Amino acid sequence: MNERHYAVWPRGLPHHLTVPHTSLCYNLQVSAVRYPDKPCLIFYDTPVTYAECWQETGRIAAYLQQACGVAPGDRVLLYLQNSPQFVLAYYAILRAGAVVVPVNPMNLTDELRHYVEDTGARTVVVAQDLYAQVAPLLGQGLRHAVVATYADYLRQPTDLKVPEFVAAPFAAIEGPGVVAWRDMLAQGGEPTPVATGPDDLCVMPYTSGTTGYPKGCMHTHRNAMVTAVAGMQWFGTQQDAVALSVLPLFHVTGMQGGMNGPIFVGATLVLLARWDRDTAAECIRRHRVNALQLISTMVVDLLSSPRLAEYDLSSVRRMSGGGAAMPDAIAQKMHDLLAIDYVEGYGMSETIAPTHVNPPERPKKQCLGIPIFGVDARVIDPITLAELPAGEVGEIVVHGAQVMQGYWNNPEASAAAFVPIDGKRFLRTGDLGRVDAEGYFFMVDRLKRMINACGYKVWPAEVEALMYRHPAIREVCVVASHDERRGETVKAVVALKDGFAGTVSEQDIVDWAHANMAAYKSPRLVEFCSALPKSATGKVLWRTLQEAQATAAR
């Protein structure tokens with residue numbers, strides 16, 4: 001394990017992290033005992049205290065055990081947007097000794113069917129607006145559905161912009177095995193104590209399924225505890241922190257940084273069910289939010305708001321994120337506005353969030369950061385598996401206590417995901433990167449995203465970072481386009497900033513790119529669009545654009 005990054009390690013922070021030997025659910029119980037009257041959650045101006053959260057998780061866990069027959073180790077699907085119900089159900093499932101299976105709310109019935117069949121889940125907690133996707137599966141694997149109405153937790157008047165699906169009133173849904181959230185809570189009851197330990201399964205987030213069906217990443221309570229605790233200690237987050245939790249909680253970044261970590265320290269979460277830049281800015285002002293976790297596309301959107309000057313954002317002391325590199329121009333604009341640096345990190349579903357984070361006092365731009373507590377990260381030749389020297393591009397591999405146990409019901413994929421090096425089990429990330437002389441890691445691209453233009457290797461992420469310097473470009477995604485002579489050529493799909501449509505042409509962008517980067521990587525084709533397609537987590541769906549390009553070339 002290379003230790004050169006210790007020279008830039010956060011001041012006063014030990015190199016080693018002692019992880020609690022308890023279940024993740026115990027964190028909520030401890031915070032409820034310590035801070036019973038303190039808001040754990042604030043949902044569109046409605047607070048829910050830590051004591052209320054702990055009491056309600058008990059009622060939910062009792063129902064899961066007694067009415068649904070949920071036993072320790074059983075998998076339970078969680079199919080909700082960010083909401084108090086997501087948080088409460090998550091911890092109630094753990095309190096019942098079961099395993100949380102978070103599901104992307106954008107998934108439809110056929111996609112849900114894979115989750116049900118793969119996990120063997122018999123119970124789902126679902127929002128009423130998503131119930132229609134679940135209904136065909138009841139009686140075909142699923143036996144029980146707890147149906148939540150988001151508006152049940154809108155208990156105080158608010159002038160915030162509440163999404164229609166959140167404000168929708170209670171709608172009675174009946175059927176075998178179906179119960180409304182409010183009726184479940186009304187039954188009361190105490191759960192049977194469960195002796196869940198650190199090495200029992202805790203949560204199984206599913207990968208995106210870019211190579212076949214999504215795969216469940218098996219994480220124990222210890223795995224989840226590592227990144228929940230590490231993230232809070234890395235930034236010095238204390239119990240009086242107020243965090244805006246807007247990244248999707250079904251995704252590991254939002255789950256750990258926007259829920260499990262803050263609950264561990266007893267902080268307050270300001271929950272938004274969906275990203276809205278002006279609502280987010282108003283919540284920052286109103287609740288004096290000091291910790292923000294936003295991906296780069298959200299920051300771009302926030303800083304593009306014509307109303308930005310109306311909001312007092314001076315309480316913000318930390319803004320962090322990952323998923324895609326922050327364009328340099330956007331990072332500078334953010335620094336000019338808030339006098340803070342955007343701190344990037346790196347992690348995967350397979351590592352339940354970060355393995356790398358930038359030191360808060362010494363971040364580097366468009367950088368994954370340095371390996372955090374106990375992580376051994378290396379850059380290797382993807383063919384020979386030999387470790388490469390600083391500066392050379394290869395595949396990033398990681399070994400650490402947060403790395404998953406393997407993929408659920410998929411021993412072949414599990415075996416392919418790991419490689420032994422120096423007697424350790426390393427996860428192959430599939431990401432190409434490099435490490436500099438100080439131990440900072442930089443993403444180059446996905447192993448399978450490289451463009452081969454006339455024999456030259458072109459990394460789309462690098463080209464995108466350069467193109468964000470153009471004053472008219474709001475969003476850009478670089479893909480490969482078939483070329484009879486070059487094999488592949490570089491194409492940029494561009495969304496322009498407001499006011500530039502009709503004044504900047506595709507050829508203008510091509511000419512600018514040719515003048516500002518090497519000819520072999522400069523886009524020869526440009527296509528304008530109103531907005532780039534994005535996932536529920538806000539990441540640009542480059543594969544969607546690449547597949548559309550491949551289809552058009554046939």
# chains A, B, ... in the order shown; residues from 1 in each chain; ligands from 1
$ select_by_dssp --residues "segment 462-530 of chain A" --states "alpha helix (DSSP H)" --output "list of chain:residue names"
A:Glu462, A:Val463, A:Glu464, A:Ala465, A:Leu466, A:Met467, A:Glu506, A:Gln507, A:Asp508, A:Ile509, A:Val510, A:Asp511, A:Trp512, A:Ala513, A:His514, A:Ala515, A:Asn516
$ residues_around --residues "segment 478-492 of chain A" --least-positions-apart "5" --cutoff "9 Å" --atoms "only C-alpha atoms" --output "NGL selection string"
:A and (449-455 or 458-461 or 463-464 or 510 or 520-528 or 542-543 or 545-546 or 549-550 or 553)
$ write_last_selection --atoms "C-alpha atoms" --output "mmCIF file, in the first residue's frame"
data_model
loop_
_atom_site.group_PDB
_atom_site.id
_atom_site.type_symbol
_atom_site.label_atom_id
_atom_site.label_comp_id
_atom_site.auth_asym_id
_atom_site.auth_seq_id
_atom_site.Cartn_x
_atom_site.Cartn_y
_atom_site.Cartn_z
ATOM 1 C CA ARG A 449 -15.855 4.275 -23.215
ATOM 2 C CA MET A 450 -12.587 5.008 -24.987
ATOM 3 C CA ILE A 451 -12.839 6.309 -28.561
ATOM 4 C CA ASN A 452 -10.282 4.933 -31.017
ATOM 5 C CA ALA A 453 -9.840 7.661 -33.622
ATOM 6 C CA CYS A 454 -7.357 6.595 -36.286
ATOM 7 C CA GLY A 455 -5.361 4.709 -33.667
ATOM 8 C CA VAL A 458 -9.538 9.674 -26.972
ATOM 9 C CA TRP A 459 -11.054 9.886 -23.472
ATOM 10 C CA PRO A 460 -14.489 11.560 -23.719
ATOM 11 C CA ALA A 461 -14.376 12.876 -20.134
ATOM 12 C CA VAL A 463 -12.734 16.364 -24.038
ATOM 13 C CA GLU A 464 -15.900 17.270 -22.126
ATOM 14 C CA VAL A 510 -16.276 22.580 -34.009
ATOM 15 C CA TYR A 520 -7.201 14.019 -32.884
ATOM 16 C CA LYS A 521 -9.447 14.589 -29.863
ATOM 17 C CA SER A 522 -11.260 17.662 -31.164
ATOM 18 C CA PRO A 523 -14.939 16.917 -32.012
ATOM 19 C CA ARG A 524 -15.529 16.911 -35.744
ATOM 20 C CA LEU A 525 -19.265 16.618 -35.314
ATOM 21 C CA VAL A 526 -21.572 18.622 -33.038
ATOM 22 C CA GLU A 527 -25.268 18.075 -32.400
ATOM 23 C CA PHE A 528 -27.405 20.503 -30.409
ATOM 24 C CA TRP A 542 -23.761 8.757 -22.128
ATOM 25 C CA ARG A 543 -24.583 5.168 -23.028
ATOM 26 C CA LEU A 545 -26.449 8.825 -26.537
ATOM 27 C CA GLN A 546 -23.777 6.387 -27.664
ATOM 28 C CA GLN A 549 -25.360 7.170 -32.399
ATOM 29 C CA ALA A 550 -24.562 3.528 -33.125
ATOM 30 C CA ALA A 553 -24.894 4.650 -38.191
#
$ closest_residue --among "A:Leu78, A:Leu108, A:Tyr150, A:Asp422" --to "Ala121 of chain A" --atoms "only C-alpha atoms"
A:Leu78
$ closest_residue --among "A:Gly175, A:Gly139, A:Pro169, A:Pro248" --to "Gln81 of chain A" --atoms "only C-alpha atoms"
A:Pro248
$ closest_residue --among "A:Glu361, A:Asp276, A:Glu462, A:Asp199" --to "Pro327 of chain A" --atoms "only C-alpha atoms"
A:Glu462
$ residues_around --residues "Gln238 of chain A" --least-positions-apart "6" --cutoff "12 Å" --atoms "only C-alpha atoms" --output "ChimeraX atom specification"
/A:31,229,231-232,261-268,290-291
$ write_last_selection --atoms "N, CA and C atoms" --output "PDB file, in the first residue's frame"
ATOM      1  N   SER A  31     -28.853   8.194  18.514  1.00  0.00           N
ATOM      2  CA  SER A  31     -29.144   9.611  18.294  1.00  0.00           C
ATOM      3  C   SER A  31     -30.494   9.997  18.885  1.00  0.00           C
ATOM      4  N   VAL A 229     -19.553   6.489   8.653  1.00  0.00           N
ATOM      5  CA  VAL A 229     -18.734   7.147   9.680  1.00  0.00           C
ATOM      6  C   VAL A 229     -17.586   7.923   9.045  1.00  0.00           C
ATOM      7  N   GLY A 231     -17.289   9.346   6.119  1.00  0.00           N
ATOM      8  CA  GLY A 231     -17.688  10.585   5.474  1.00  0.00           C
ATOM      9  C   GLY A 231     -17.898  11.724   6.452  1.00  0.00           C
ATOM     10  N   MET A 232     -18.462  11.414   7.611  1.00  0.00           N
ATOM     11  CA  MET A 232     -18.690  12.454   8.613  1.00  0.00           C
ATOM     12  C   MET A 232     -17.372  12.917   9.249  1.00  0.00           C
ATOM     13  N   GLY A 261     -24.873   8.694   7.303  1.00  0.00           N
ATOM     14  CA  GLY A 261     -23.813   9.434   7.983  1.00  0.00           C
ATOM     15  C   GLY A 261     -24.354  10.491   8.923  1.00  0.00           C
ATOM     16  N   PRO A 262     -25.217  11.404   8.435  1.00  0.00           N
ATOM     17  CA  PRO A 262     -25.787  12.420   9.329  1.00  0.00           C
ATOM     18  C   PRO A 262     -26.551  11.834  10.516  1.00  0.00           C
ATOM     19  N   ILE A 263     -27.264  10.723  10.320  1.00  0.00           N
ATOM     20  CA  ILE A 263     -27.979  10.112  11.439  1.00  0.00           C
ATOM     21  C   ILE A 263     -26.992   9.564  12.464  1.00  0.00           C
ATOM     22  N   PHE A 264     -25.846   9.057  12.014  1.00  0.00           N
ATOM     23  CA  PHE A 264     -24.826   8.566  12.941  1.00  0.00           C
ATOM     24  C   PHE A 264     -24.374   9.667  13.898  1.00  0.00           C
ATOM     25  N   VAL A 265     -24.196  10.898  13.404  1.00  0.00           N
ATOM     26  CA  VAL A 265     -23.729  11.984  14.277  1.00  0.00           C
ATOM     27  C   VAL A 265     -24.871  12.753  14.925  1.00  0.00           C
ATOM     28  N   GLY A 266     -26.118  12.512  14.496  1.00  0.00           N
ATOM     29  CA  GLY A 266     -27.246  13.228  15.069  1.00  0.00           C
ATOM     30  C   GLY A 266     -27.526  14.566  14.418  1.00  0.00           C
ATOM     31  N   ALA A 267     -27.159  14.713  13.142  1.00  0.00           N
ATOM     32  CA  ALA A 267     -27.404  15.954  12.411  1.00  0.00           C
ATOM     33  C   ALA A 267     -28.850  16.026  11.935  1.00  0.00           C
ATOM     34  N   THR A 268     -29.210  17.139  11.328  1.00  0.00           N
ATOM     35  CA  THR A 268     -30.553  17.344  10.793  1.00  0.00           C
ATOM     36  C   THR A 268     -30.516  17.270   9.277  1.00  0.00           C
ATOM     37  N   ASN A 290     -25.638  24.002   6.176  1.00  0.00           N
ATOM     38  CA  ASN A 290     -24.191  24.231   6.080  1.00  0.00           C
ATOM     39  C   ASN A 290     -23.449  23.138   5.327  1.00  0.00           C
ATOM     40  N   ALA A 291     -24.125  22.033   4.998  1.00  0.00           N
ATOM     41  CA  ALA A 291     -23.487  20.944   4.264  1.00  0.00           C
ATOM     42  C   ALA A 291     -24.336  20.573   3.062  1.00  0.00           C
TER      43      ALA A 291
END
$ residues_around --residues "Asp159 of chain A" --least-positions-apart "3" --cutoff "12 Å" --atoms "only C-alpha atoms" --output "number ranges by chain"
A: 44-46, 154, 156, 162-163, 279, 282-283, 286
$ closest_atom_pairs --of "segment 148-255 of chain A" --to "segment 5-28 of chain A" --cutoff "8 Å" --atoms "only C-alpha atoms" --output "Markdown table"
| residue | atom | partner | partner_atom | distance |
| --- | --- | --- | --- | --- |
| A:Thr196 | CA | A:Ser23 | CA | 6.1 |
| A:Gly197 | CA | A:Ser23 | CA | 5.7 |
| A:Pro198 | CA | A:Thr22 | CA | 5.5 |
| A:Cys202 | CA | A:Leu24 | CA | 7.8 |
| A:His221 | CA | A:Ser23 | CA | 5.5 |
| A:Arg222 | CA | A:His21 | CA | 7.2 |
| A:Ala224 | CA | A:Leu24 | CA | 7.4 |
| A:Met225 | CA | A:Leu24 | CA | 6.4 |
| A:Val226 | CA | A:Val19 | CA | 6.1 |
| A:Val229 | CA | A:Val19 | CA | 7.5 |
| A:Ala230 | CA | A:Leu17 | CA | 7.3 |
| A:Gln233 | CA | A:Leu13 | CA | 7.9 |
| A:Trp234 | CA | A:Leu13 | CA | 7.5 |
$ closest_residue --among "A:Met204, A:Val398, A:Val419, A:Ala67" --to "Tyr90 of chain A" --atoms "only C-alpha atoms"
A:Met204
$ closest_atom_pairs --of "segment 469-499 of chain A" --to "segment 294-297 of chain A" --cutoff "12 Å" --atoms "only C-alpha atoms" --output "CSV"
residue,atom,partner,partner_atom,distance
A:Arg474,CA,A:Thr297,CA,9.5
A:Glu475,CA,A:Thr297,CA,8.2
A:Val476,CA,A:Thr297,CA,10.7
$ residues_around --residues "Glu52 of chain A" --least-positions-apart "5" --cutoff "10 Å" --atoms "only C-alpha atoms" --output "ChimeraX atom specification"
/A:32,36-40,47,57-58,88
